[in-house]
Number of protein chains: 2
Amino acid sequence: MEQRQFILSQNDIPTQWYNVAADLGEAPPPPLHPATQQPCSPDDLAPIFPMGVLEQEMSTQRWIDIPDPVLQKLALWRPSPLFRATELEKALNTPAKIFYKYEGTSPAGSHKLNTAIAQAYYNKLEGTKRIATETGAGQWGSALSMACSFFGIGCTVYMVRCSFTQKPYRKSLMQVYGAEVYPSPSEKTRFGKQILAKDPDCPGSLGIAISEALEDTVAHDDVKYSLGSVLNHVVLHQTVIGLETKKQMEMAGVYPDVIIGCVGGGSNFGGIVMPFMADKFAGKNVRATAVEPKACPTLTEGPYKYDFGDTAQMTPLLKMHTLGADFIPPAIHAGGLRYHGMAPLVSLLKQKGMIDAVAVDQMDIFEAAVLFARTEGIVPAPESSHAICEAISEAKRAKEAGKETVILFNLSGHGFLDLGAYDNYFHDKLQSTAACSTCAQR
Amino acid sequence: MEQRQFILSQNDIPTQWYNVAADLGEAPPPPLHPATQQPCSPDDLAPIFPMGVLEQEMSTQRWIDIPDPVLQKLALWRPSPLFRATELEKALNTPAKIFYKYEGTSPAGSHKLNTAIAQAYYNKLEGTKRIATETGAGQWGSALSMACSFFGIGCTVYMVRCSFTQKPYRKSLMQVYGAEVYPSPSEKTRFGKQILAKDPDCPGSLGIAISEALEDTVAHDDVKYSLGSVLNHVVLHQTVIGLETKKQMEMAGVYPDVIIGCVGGGSNFGGIVMPFMADKFAGKNVRATAVEPKACPTLTEGPYKYDFGDTAQMTPLLKMHTLGADFIPPAIHAGGLRYHGMAPLVSLLKQKGMIDAVAVDQMDIFEAAVLFARTEGIVPAPESSHAICEAISEAKRAKEAGKETVILFNLSGHGFLDLGAYDNYFHDKLQSTAACSTCAQR
């Protein structure tokens, strides 16, 4: 039987995170204080994040040890499997070899738990009683709820309203882990009330939900904030994905020609790509493609500049690709990719020409998702399906060129809680980006 | 770090199924023809099942080869992981060692795919164009839809109406794999119409849905029927679970004192238990406990006798524990356990004193499920939570006795599509079996 699984043992869970900031050849542009526009110090951010997290945010050390209690929880499901997509390859009749790292075996259903556990741990260590956060599709909120439950910390989740409505079971899942969940904009914060007063039907955005979680945080002494993507420490925590994958590709006896990941804030893409970027900085020839929705084309259309991470302009300014902190993307079903900004580390790699970016239409991603499900079995999250869509395009190009391209993509999560979106797709209730009035206005 | 994962490689997928019928010391009581009450021949059943399946149903051969194309599809996710529940053990402060085999990594989310693939394969081999089946909780319907999609066969699913209503996303999942899904009783069959005429609000039952699928099958030449539990060949296909688990328990350096599985029709329980029964027949001391809902107490309260497998009395008569073919259990949330009968092989082992059975209340199983989720991470299917509930009881007894009991249970599936039931539990919309009027009438 052909080999399609590349399985590591518990002892292969990485014991250190890889920090790409050490290999950039320059210090990444620092976050700026929103009032002074001067570089932030760790002390400026201490009311929001625990010091353990802030040290990692600012670090340029190449390898950072993963604490034992974090490893212990990662071992609940890691290492995650790498599969060769043998059945998809046959359906496409392509000479390409397609591999996917599958993060959906996490009990939260996606890669988000990798950083949720680390962040909950550092908070616990420093006495945090409750963590406030936002969530788009609900993957992040679910993961943080679970991690907080593991460490005995309270959790409040502001969930982007259009996702809250589309995915009622996400809320139920967070409640299993004891979290409080509010649709954002909510009546719980001053900022939420302001927005609702102007637009009672506002679908919400990650930017708004971040503002609400931050307002909740700064209003309480023993509450800290946690972000599920964008920031350096989040990308750092996600490098366990790429570090495992490198070992698994070695088991398979190949090195990827191209690595593909979807991007919302950039953390799953960064997680799989960064350890390979270390090789690229050392001269290795490897492409990396970030895939975003056409409805929220941050990397392909947004300028690279300092901007706020949230709508209320409470966060430090980050140097990144951005569509503007007041950008509210249309309510596409890949709720996890509806963010106006992009991880500064991913943005910087784009600036340096180290990675490419493409934007895809949501009709194409559901077509790709269904083909994937009917061949490989797994029903993918709409977000992750962006990566599948581009992997299929690469495989088709490989077929045209008659090349055995080695394609690697990150399947960041499953779609069991996104079946409403599939239902809409099958019943012609989804629209192409081209037909989307909100997108056309942009 | 303590070892909590016992991971096999692709080469460890069993290449043969284990048939307990070879070790019973007597031929299992044969199915009887519904008209003549004489033992059925394979020819009697040929309009319903493909010959490859019927040969296995009647076989007393100890080991049966798994065909290569079936192995190829099993390798989409198998071998499944065995975990030691280190975090649950700590929460219970028990000296017991708790292990669980996790079948939820299957892309269909449960063990059901193990037999779905085998049955779809034998049907494909013999030219079946479409398979009709029933589903309770939706796990079986999802698995068969996926398997049919893999082999290019059509699939029609009659889904017990109360589950169809409780779990709309199950239907969406089956549609991803191209299946047609109808709530049962339905207007698609003569029998369904009869029932709806008498009781338009009938919540349905597996017995009724089986009758509808059978009626659809016998009305069409190129349609065959497929059952997701109960029958000998289904239990046979599920023995990959126990065969893998035996290897994994060896890796862990222990042998189970007790093996626990939930039972509806008996296939996941049989799947994990049968390979250990081979040891028990050879003199090994090992207990096995089947856990059923108090609302449908087939093994603990139903007599052992010949009965029909369906409500319309179309199936052969099976010798089994049964609550009566016309029994309609209350609409408890563990829809997969709402079956009046029990696998003849499991029933026979109960008769021989080889296995025990207990019945548990649905309030207790959700309490167990939430404790499990908050410690081990995985949100379990309500059905599988019956096994968790009894494993926790065993662990508590071990604590009282000060014994290092080795407990093994089968976590047959995840609960991502059962979050509505959790929601009801948290909002006090579930009731204890004792308070259930339908149960009280029994």
# chains A, B, ... in the order shown; residues from 1 in each chain; ligands from 1
$ calpha_fit_and_write --fixed "chain B" --moving "chain A" --output "compact mmCIF listing (two decimals) with C-alpha atoms, in the first residue's frame"
# COMPACT_ATOMS: atom_id res chain seq x y z
CA MET A 1 6.75 13.95 30.33
CA GLU A 2 4.39 11.08 31.13
CA GLN A 3 3.40 8.93 28.18
CA ARG A 4 -0.22 9.52 27.20
CA GLN A 5 -0.21 8.64 23.50
CA PHE A 6 0.23 5.20 22.02
CA ILE A 7 0.54 5.75 18.31
CA LEU A 8 0.82 3.11 15.61
CA SER A 9 2.05 3.60 12.06
CA GLN A 10 0.16 3.01 8.81
CA ASN A 11 1.79 -0.44 8.59
CA ASP A 12 0.04 -1.43 11.82
CA ILE A 13 -3.46 -1.25 10.34
CA PRO A 14 -4.80 -4.81 10.80
CA THR A 15 -4.89 -6.78 7.54
CA GLN A 16 -7.46 -9.30 8.82
CA TRP A 17 -10.71 -8.97 10.74
CA TYR A 18 -11.25 -11.19 13.79
CA ASN A 19 -14.43 -13.28 13.80
CA VAL A 20 -15.51 -14.23 17.32
CA ALA A 21 -17.98 -16.78 15.90
CA ALA A 22 -14.97 -19.11 15.49
CA ASP A 23 -14.34 -19.13 19.24
CA LEU A 24 -17.86 -19.47 20.65
CA GLY A 25 -17.68 -23.27 20.84
CA GLU A 26 -21.03 -23.48 19.10
CA ALA A 27 -22.62 -22.02 15.96
CA PRO A 28 -24.48 -18.76 16.74
CA PRO A 29 -28.27 -19.14 16.38
CA PRO A 30 -29.06 -18.50 12.70
CA PRO A 31 -31.35 -15.74 11.43
CA LEU A 32 -34.83 -17.09 10.61
CA HIS A 33 -36.83 -16.30 7.50
CA PRO A 34 -39.77 -14.02 8.46
CA ALA A 35 -42.29 -16.10 6.50
CA THR A 36 -41.12 -19.68 7.11
CA GLN A 37 -39.33 -19.23 10.49
CA GLN A 38 -36.64 -21.53 9.02
CA PRO A 39 -32.94 -20.59 9.00
CA CYS A 40 -32.17 -18.10 6.22
CA SER A 41 -29.86 -19.11 3.40
CA PRO A 42 -27.55 -16.57 1.75
CA ASP A 43 -29.89 -16.73 -1.27
CA ASP A 44 -32.82 -15.56 0.87
CA LEU A 45 -30.87 -12.41 1.72
CA ALA A 46 -29.28 -11.82 -1.70
CA PRO A 47 -31.87 -9.20 -2.77
CA ILE A 48 -30.83 -7.12 0.23
CA PHE A 49 -27.09 -7.59 0.72
CA PRO A 50 -24.18 -8.27 -1.66
CA MET A 51 -22.77 -11.81 -1.51
CA GLY A 52 -19.39 -10.61 -0.16
CA VAL A 53 -21.18 -9.29 2.92
CA LEU A 54 -23.48 -12.32 3.29
CA GLU A 55 -20.53 -14.72 3.29
CA GLN A 56 -19.05 -12.80 6.19
CA GLU A 57 -22.41 -12.71 7.97
CA MET A 58 -22.54 -16.52 7.97
CA SER A 59 -18.83 -17.22 8.36
CA THR A 60 -17.26 -19.08 11.29
CA GLN A 61 -13.73 -18.58 9.96
CA ARG A 62 -11.53 -16.98 12.68
CA TRP A 63 -9.58 -14.54 10.48
CA ILE A 64 -10.92 -12.88 7.35
CA ASP A 65 -8.63 -10.92 5.02
CA ILE A 66 -9.34 -7.21 4.58
CA PRO A 67 -9.27 -6.45 0.82
CA ASP A 68 -6.56 -4.04 -0.34
CA PRO A 69 -8.98 -1.34 -1.62
CA VAL A 70 -10.60 -1.33 1.82
CA LEU A 71 -7.22 -1.04 3.55
CA GLN A 72 -6.36 1.82 1.21
CA LYS A 73 -9.42 3.78 2.41
CA LEU A 74 -8.94 2.80 6.07
CA ALA A 75 -5.49 4.40 5.75
CA LEU A 76 -7.23 7.76 5.29
CA TRP A 77 -7.17 7.93 9.10
CA ARG A 78 -6.35 4.57 10.71
CA PRO A 79 -4.74 3.42 12.97
CA SER A 80 -6.67 5.54 15.44
CA PRO A 81 -4.90 6.78 18.58
CA LEU A 82 -4.99 5.26 22.06
CA PHE A 83 -4.67 7.81 24.84
CA ARG A 84 -4.09 7.47 28.53
CA ALA A 85 -6.55 9.89 30.17
CA THR A 86 -3.89 11.43 32.39
CA GLU A 87 -5.82 14.67 32.91
CA LEU A 88 -9.08 12.90 33.77
CA GLU A 89 -7.22 10.64 36.21
CA LYS A 90 -5.84 13.72 38.00
CA ALA A 91 -9.28 15.32 38.20
CA LEU A 92 -10.70 12.12 39.72
CA ASN A 93 -7.66 11.64 41.97
CA THR A 94 -7.89 7.92 41.27
CA PRO A 95 -5.20 5.23 41.36
CA ALA A 96 -6.90 3.70 38.28
CA LYS A 97 -5.16 3.92 34.93
CA ILE A 98 -7.70 5.03 32.34
CA PHE A 99 -7.08 4.45 28.63
CA TYR A 100 -9.32 5.37 25.73
CA LYS A 101 -9.27 4.37 22.12
CA TYR A 102 -10.41 7.37 20.08
CA GLU A 103 -12.42 6.67 16.93
CA GLY A 104 -13.37 10.34 16.46
CA THR A 105 -10.32 10.99 14.27
CA SER A 106 -12.19 9.26 11.45
CA PRO A 107 -13.19 11.91 8.89
CA ALA A 108 -16.82 10.91 9.53
CA GLY A 109 -16.28 11.54 13.23
CA SER A 110 -16.91 8.02 14.54
CA HIS A 111 -16.11 4.30 14.26
CA LYS A 112 -18.97 3.84 11.77
CA LEU A 113 -16.69 4.48 8.78
CA ASN A 114 -14.84 1.20 9.47
CA THR A 115 -17.77 -0.89 8.28
CA ALA A 116 -19.20 1.69 5.85
CA ILE A 117 -16.07 1.42 3.70
CA ALA A 118 -16.10 -2.37 3.70
CA GLN A 119 -19.81 -2.53 2.86
CA ALA A 120 -19.56 0.09 0.10
CA TYR A 121 -16.61 -1.81 -1.36
CA TYR A 122 -18.44 -5.17 -1.55
CA ASN A 123 -21.45 -3.44 -3.07
CA LYS A 124 -19.30 -1.70 -5.68
CA LEU A 125 -17.70 -5.04 -6.55
CA GLU A 126 -21.11 -6.54 -7.26
CA GLY A 127 -22.50 -3.62 -9.27
CA THR A 128 -24.81 -1.96 -6.77
CA LYS A 129 -25.83 1.50 -8.04
CA ARG A 130 -27.34 2.89 -4.85
CA ILE A 131 -27.45 1.93 -1.17
CA ALA A 132 -30.42 2.66 1.09
CA THR A 133 -29.96 2.86 4.83
CA GLU A 134 -31.30 4.30 8.05
CA THR A 135 -29.53 6.49 10.58
CA GLY A 136 -30.28 7.43 14.17
CA ALA A 137 -27.92 10.08 15.48
CA GLY A 138 -26.58 10.55 11.97
CA GLN A 139 -23.15 9.03 12.59
CA TRP A 140 -23.93 6.01 10.44
CA GLY A 141 -25.59 7.98 7.67
CA SER A 142 -22.60 10.34 7.50
CA ALA A 143 -20.16 7.45 7.35
CA LEU A 144 -22.04 5.54 4.67
CA SER A 145 -22.52 8.71 2.59
CA MET A 146 -18.78 9.27 2.68
CA ALA A 147 -17.96 5.66 1.84
CA CYS A 148 -20.44 5.65 -1.07
CA SER A 149 -18.87 8.86 -2.36
CA PHE A 150 -15.42 7.21 -2.23
CA PHE A 151 -16.64 4.30 -4.37
CA GLY A 152 -19.00 6.24 -6.65
CA ILE A 153 -22.27 4.71 -5.41
CA GLY A 154 -25.52 6.61 -4.72
CA CYS A 155 -26.78 6.78 -1.12
CA THR A 156 -30.25 7.33 0.35
CA VAL A 157 -30.54 7.85 4.09
CA TYR A 158 -33.72 7.58 6.18
CA MET A 159 -32.91 9.57 9.30
CA VAL A 160 -34.92 9.09 12.50
CA ARG A 161 -37.08 12.21 12.61
CA CYS A 162 -36.21 13.38 16.12
CA SER A 163 -32.50 13.31 15.24
CA PHE A 164 -33.18 14.94 11.87
CA THR A 165 -34.76 17.84 13.77
CA GLN A 166 -32.21 17.96 16.61
CA LYS A 167 -29.20 17.81 14.28
CA PRO A 168 -29.75 19.75 11.05
CA TYR A 169 -26.02 19.80 10.28
CA ARG A 170 -25.91 16.01 10.03
CA LYS A 171 -28.07 16.32 6.94
CA SER A 172 -25.76 19.01 5.56
CA LEU A 173 -22.76 16.75 6.14
CA MET A 174 -24.38 13.87 4.25
CA GLN A 175 -25.16 16.28 1.41
CA VAL A 176 -21.48 17.24 1.19
CA TYR A 177 -20.95 13.59 0.26
CA GLY A 178 -23.80 13.66 -2.24
CA ALA A 179 -26.38 11.62 -0.29
CA GLU A 180 -30.17 12.08 -0.27
CA VAL A 181 -31.55 12.38 3.27
CA TYR A 182 -35.19 12.04 4.40
CA PRO A 183 -36.66 12.31 7.91
CA SER A 184 -38.22 8.99 8.94
CA PRO A 185 -41.10 8.22 9.03
CA SER A 186 -41.18 9.78 5.56
CA GLU A 187 -43.61 10.21 2.71
CA LYS A 188 -41.18 8.29 0.47
CA THR A 189 -42.39 4.82 1.46
CA ARG A 190 -45.69 3.06 1.96
CA PHE A 191 -44.73 2.14 5.53
CA GLY A 192 -43.67 5.69 6.37
CA LYS A 193 -46.97 7.06 5.08
CA GLN A 194 -48.89 4.50 7.16
CA ILE A 195 -47.18 5.60 10.34
CA LEU A 196 -47.56 9.31 9.60
CA ALA A 197 -51.28 8.79 8.95
CA LYS A 198 -51.66 7.39 12.47
CA ASP A 199 -49.21 9.73 14.21
CA PRO A 200 -48.09 12.83 12.27
CA ASP A 201 -45.74 13.80 15.14
CA CYS A 202 -44.07 10.37 15.44
CA PRO A 203 -40.42 10.99 16.52
CA GLY A 204 -39.40 7.89 14.59
CA SER A 205 -37.12 5.06 15.63
CA LEU A 206 -34.34 3.03 14.10
CA GLY A 207 -36.81 0.19 13.66
CA ILE A 208 -39.09 2.34 11.50
CA ALA A 209 -36.22 3.81 9.49
CA ILE A 210 -34.87 0.32 8.77
CA SER A 211 -38.29 -0.70 7.45
CA GLU A 212 -38.32 2.31 5.11
CA ALA A 213 -34.82 1.63 3.80
CA LEU A 214 -35.71 -2.02 3.24
CA GLU A 215 -38.90 -1.12 1.38
CA ASP A 216 -36.86 1.21 -0.86
CA THR A 217 -34.33 -1.59 -1.45
CA VAL A 218 -36.68 -4.39 -2.41
CA ALA A 219 -38.60 -2.05 -4.72
CA HIS A 220 -35.49 -1.51 -6.89
CA ASP A 221 -33.25 -4.01 -8.69
CA ASP A 222 -29.94 -2.18 -8.48
CA VAL A 223 -30.38 -0.95 -4.90
CA LYS A 224 -29.00 -2.75 -1.88
CA TYR A 225 -29.44 -2.18 1.81
CA SER A 226 -26.80 -1.53 4.41
CA LEU A 227 -26.99 -1.68 8.20
CA GLY A 228 -24.60 0.23 10.45
CA SER A 229 -24.71 -2.07 13.47
CA VAL A 230 -26.28 -5.25 14.93
CA LEU A 231 -25.28 -7.79 12.26
CA ASN A 232 -22.29 -10.14 12.47
CA HIS A 233 -20.44 -8.64 9.50
CA VAL A 234 -20.69 -5.18 11.03
CA VAL A 235 -19.20 -6.35 14.33
CA LEU A 236 -16.54 -8.17 12.28
CA HIS A 237 -15.54 -4.98 10.43
CA GLN A 238 -15.30 -3.09 13.71
CA THR A 239 -12.74 -5.50 15.19
CA VAL A 240 -9.98 -3.34 13.69
CA ILE A 241 -10.63 -1.18 16.78
CA GLY A 242 -9.84 -3.91 19.29
CA LEU A 243 -6.98 -5.40 17.24
CA GLU A 244 -5.20 -2.03 17.15
CA THR A 245 -5.97 -1.44 20.81
CA LYS A 246 -4.34 -4.74 21.83
CA LYS A 247 -1.09 -3.64 20.18
CA GLN A 248 -1.35 -0.22 21.80
CA MET A 249 -2.02 -1.61 25.29
CA GLU A 250 1.11 -3.72 24.80
CA MET A 251 3.02 -0.53 23.98
CA ALA A 252 1.67 0.89 27.23
CA GLY A 253 2.82 -2.25 29.04
CA VAL A 254 -0.58 -3.07 30.55
CA TYR A 255 -3.58 -5.33 30.00
CA PRO A 256 -7.08 -4.03 30.76
CA ASP A 257 -8.93 -5.22 33.85
CA VAL A 258 -12.15 -3.94 32.32
CA ILE A 259 -13.18 -2.82 28.81
CA ILE A 260 -16.12 -0.46 28.44
CA GLY A 261 -18.19 0.55 25.42
CA CYS A 262 -21.60 2.10 24.83
CA VAL A 263 -24.21 -0.07 23.11
CA GLY A 264 -27.02 0.83 20.74
CA GLY A 265 -26.85 -1.99 18.21
CA GLY A 266 -23.58 -3.20 19.70
CA SER A 267 -20.98 -2.62 16.99
CA ASN A 268 -18.50 -0.25 18.64
CA PHE A 269 -18.64 -2.30 21.82
CA GLY A 270 -18.19 -5.51 19.83
CA GLY A 271 -15.42 -3.88 17.84
CA ILE A 272 -13.22 -3.13 20.82
CA VAL A 273 -14.22 -6.12 22.96
CA MET A 274 -14.18 -9.12 20.59
CA PRO A 275 -10.40 -9.38 20.13
CA PHE A 276 -10.07 -9.41 23.94
CA MET A 277 -12.82 -12.06 24.18
CA ALA A 278 -10.49 -14.30 22.19
CA ASP A 279 -8.13 -14.07 25.19
CA LYS A 280 -10.99 -14.60 27.62
CA PHE A 281 -12.07 -17.79 25.82
CA ALA A 282 -8.43 -18.88 26.25
CA GLY A 283 -8.69 -18.34 30.02
CA LYS A 284 -7.59 -14.72 30.48
CA ASN A 285 -9.30 -12.75 33.25
CA VAL A 286 -10.85 -9.64 31.71
CA ARG A 287 -14.20 -7.97 32.31
CA ALA A 288 -16.25 -6.21 29.62
CA THR A 289 -19.14 -3.81 30.34
CA ALA A 290 -21.73 -2.69 27.81
CA VAL A 291 -23.34 0.64 28.72
CA GLU A 292 -26.81 1.52 27.48
CA PRO A 293 -29.25 4.37 28.20
CA LYS A 294 -31.87 3.78 30.89
CA ALA A 295 -34.38 5.01 28.29
CA CYS A 296 -33.59 2.03 26.03
CA PRO A 297 -32.34 -0.76 28.32
CA THR A 298 -32.10 -3.63 25.82
CA LEU A 299 -29.41 -5.74 27.45
CA THR A 300 -30.37 -5.06 31.07
CA GLU A 301 -34.16 -5.46 30.71
CA GLY A 302 -35.00 -6.98 27.32
CA PRO A 303 -35.52 -10.77 27.08
CA TYR A 304 -33.25 -12.93 24.89
CA LYS A 305 -35.41 -14.27 22.07
CA TYR A 306 -36.03 -14.24 18.33
CA ASP A 307 -37.37 -10.89 17.17
CA PHE A 308 -37.55 -8.72 14.08
CA GLY A 309 -34.86 -6.10 13.43
CA ASP A 310 -37.38 -3.54 12.19
CA THR A 311 -40.82 -2.24 13.03
CA ALA A 312 -42.57 -3.39 9.85
CA GLN A 313 -41.33 -6.95 10.50
CA MET A 314 -39.63 -7.26 7.12
CA THR A 315 -36.20 -8.41 8.36
CA PRO A 316 -35.22 -11.94 9.26
CA LEU A 317 -35.76 -12.85 12.90
CA LEU A 318 -32.61 -12.46 14.97
CA LYS A 319 -31.90 -14.17 18.29
CA MET A 320 -31.09 -11.26 20.55
CA HIS A 321 -31.92 -9.18 23.58
CA THR A 322 -34.88 -7.06 22.53
CA LEU A 323 -37.42 -4.61 23.88
CA GLY A 324 -39.80 -5.60 21.06
CA ALA A 325 -39.75 -4.57 17.40
CA ASP A 326 -42.57 -2.04 18.03
CA PHE A 327 -40.70 -0.32 20.88
CA ILE A 328 -40.28 3.41 20.24
CA PRO A 329 -37.83 4.85 22.75
CA PRO A 330 -38.19 8.42 24.01
CA ALA A 331 -36.29 11.10 22.10
CA ILE A 332 -33.16 11.09 24.24
CA HIS A 333 -30.19 12.92 22.81
CA ALA A 334 -28.06 9.83 22.37
CA GLY A 335 -29.99 9.05 19.19
CA GLY A 336 -27.51 6.37 18.17
CA LEU A 337 -28.51 4.22 21.15
CA ARG A 338 -32.26 4.24 20.50
CA TYR A 339 -32.56 0.69 19.13
CA HIS A 340 -34.89 -1.99 20.44
CA GLY A 341 -32.57 -4.90 19.65
CA MET A 342 -28.92 -5.82 20.14
CA ALA A 343 -26.21 -7.50 18.05
CA PRO A 344 -26.80 -11.28 18.24
CA LEU A 345 -23.07 -11.80 18.93
CA VAL A 346 -23.14 -9.33 21.83
CA SER A 347 -26.42 -10.82 23.11
CA LEU A 348 -24.93 -14.31 23.01
CA LEU A 349 -21.84 -13.21 24.95
CA LYS A 350 -24.17 -11.73 27.56
CA GLN A 351 -26.01 -15.07 27.77
CA LYS A 352 -22.72 -16.86 28.23
CA GLY A 353 -21.74 -14.54 31.09
CA MET A 354 -18.76 -13.27 29.11
CA ILE A 355 -19.85 -9.61 29.35
CA ASP A 356 -21.82 -7.42 31.77
CA ALA A 357 -24.27 -4.62 31.06
CA VAL A 358 -25.35 -1.47 32.91
CA ALA A 359 -27.90 1.24 32.09
CA VAL A 360 -27.23 4.92 32.85
CA ASP A 361 -29.29 8.12 33.03
CA GLN A 362 -28.81 10.82 30.40
CA MET A 363 -28.19 13.53 33.02
CA ASP A 364 -25.26 11.51 34.36
CA ILE A 365 -23.80 10.99 30.92
CA PHE A 366 -23.77 14.73 30.15
CA GLU A 367 -22.14 15.42 33.52
CA ALA A 368 -19.45 12.88 32.62
CA ALA A 369 -19.10 14.33 29.13
CA VAL A 370 -18.49 17.86 30.42
CA LEU A 371 -15.89 16.68 32.95
CA PHE A 372 -14.17 14.76 30.16
CA ALA A 373 -14.19 17.77 27.81
CA ARG A 374 -12.81 20.11 30.47
CA THR A 375 -9.93 17.74 31.31
CA GLU A 376 -9.08 15.79 28.15
CA GLY A 377 -10.27 18.47 25.70
CA ILE A 378 -12.37 16.33 23.36
CA VAL A 379 -16.10 17.04 23.37
CA PRO A 380 -17.56 13.53 23.16
CA ALA A 381 -20.65 12.32 21.34
CA PRO A 382 -23.54 11.70 23.79
CA GLU A 383 -23.47 8.02 22.79
CA SER A 384 -19.77 7.65 23.59
CA SER A 385 -20.32 9.54 26.85
CA HIS A 386 -22.15 6.48 28.19
CA ALA A 387 -18.80 4.71 28.13
CA ILE A 388 -17.08 7.68 29.80
CA CYS A 389 -19.74 7.69 32.52
CA GLU A 390 -19.11 4.05 33.40
CA ALA A 391 -15.32 4.47 33.14
CA ILE A 392 -15.59 7.26 35.73
CA SER A 393 -17.69 5.01 37.98
CA GLU A 394 -15.03 2.27 37.69
CA ALA A 395 -12.32 4.82 38.51
CA LYS A 396 -14.23 5.92 41.60
CA ARG A 397 -14.64 2.30 42.71
CA ALA A 398 -10.90 1.80 42.16
CA LYS A 399 -10.25 4.80 44.40
CA GLU A 400 -12.49 3.42 47.16
CA ALA A 401 -10.77 0.04 46.92
CA GLY A 402 -7.30 1.61 46.58
CA LYS A 403 -6.69 -0.42 43.41
CA GLU A 404 -4.71 0.46 40.27
CA THR A 405 -7.48 -0.90 38.04
CA VAL A 406 -6.61 -0.66 34.34
CA ILE A 407 -9.71 0.75 32.61
CA LEU A 408 -10.05 0.82 28.85
CA PHE A 409 -12.96 2.42 27.04
CA ASN A 410 -13.90 3.11 23.48
CA LEU A 411 -14.53 6.78 22.71
CA SER A 412 -16.48 5.98 19.60
CA GLY A 413 -16.96 9.53 18.29
CA HIS A 414 -16.79 13.27 18.87
CA GLY A 415 -19.74 15.52 19.65
CA PHE A 416 -19.16 18.49 17.34
CA LEU A 417 -22.51 17.77 15.70
CA ASP A 418 -24.26 17.20 19.04
CA LEU A 419 -23.72 20.62 20.55
CA GLY A 420 -27.46 21.30 20.50
CA ALA A 421 -27.81 18.52 23.08
CA TYR A 422 -25.11 20.11 25.26
CA ASP A 423 -26.93 23.41 24.92
CA ASN A 424 -30.11 21.79 26.19
CA TYR A 425 -28.20 20.22 29.07
CA PHE A 426 -26.79 23.59 30.14
CA HIS A 427 -30.19 25.25 29.86
CA ASP A 428 -32.01 22.59 31.89
CA LYS A 429 -33.99 21.38 28.90
CA LEU A 430 -32.94 17.75 29.35
CA GLN A 431 -34.71 15.44 31.73
CA SER A 432 -33.61 12.50 33.76
CA THR A 433 -34.92 9.10 32.65
CA ALA A 434 -36.82 8.88 35.93
CA ALA A 435 -38.79 12.01 34.99
CA CYS A 436 -39.49 10.84 31.43
CA SER A 437 -43.15 10.02 30.93
CA THR A 438 -42.51 7.70 27.98
CA CYS A 439 -40.02 5.74 30.09
CA ALA A 440 -42.37 5.64 33.07
CA GLN A 441 -45.09 4.10 30.86
CA ARG A 442 -42.82 1.20 29.95
$ select_by_dssp --residues "segment 75-216 of chain A" --states "alpha helix (DSSP H)" --output "MDAnalysis selection string"
chainID A and resid 86:92 113:125 139:151 161:166 168:176 190:198 206:216
$ select_by_dssp --residues "segment 28-243 of chain B" --states "strand (DSSP E)" --output "ChimeraX atom specification"
/B:63-65,82-84,97-102,130-135,154-160,180-184,223-225
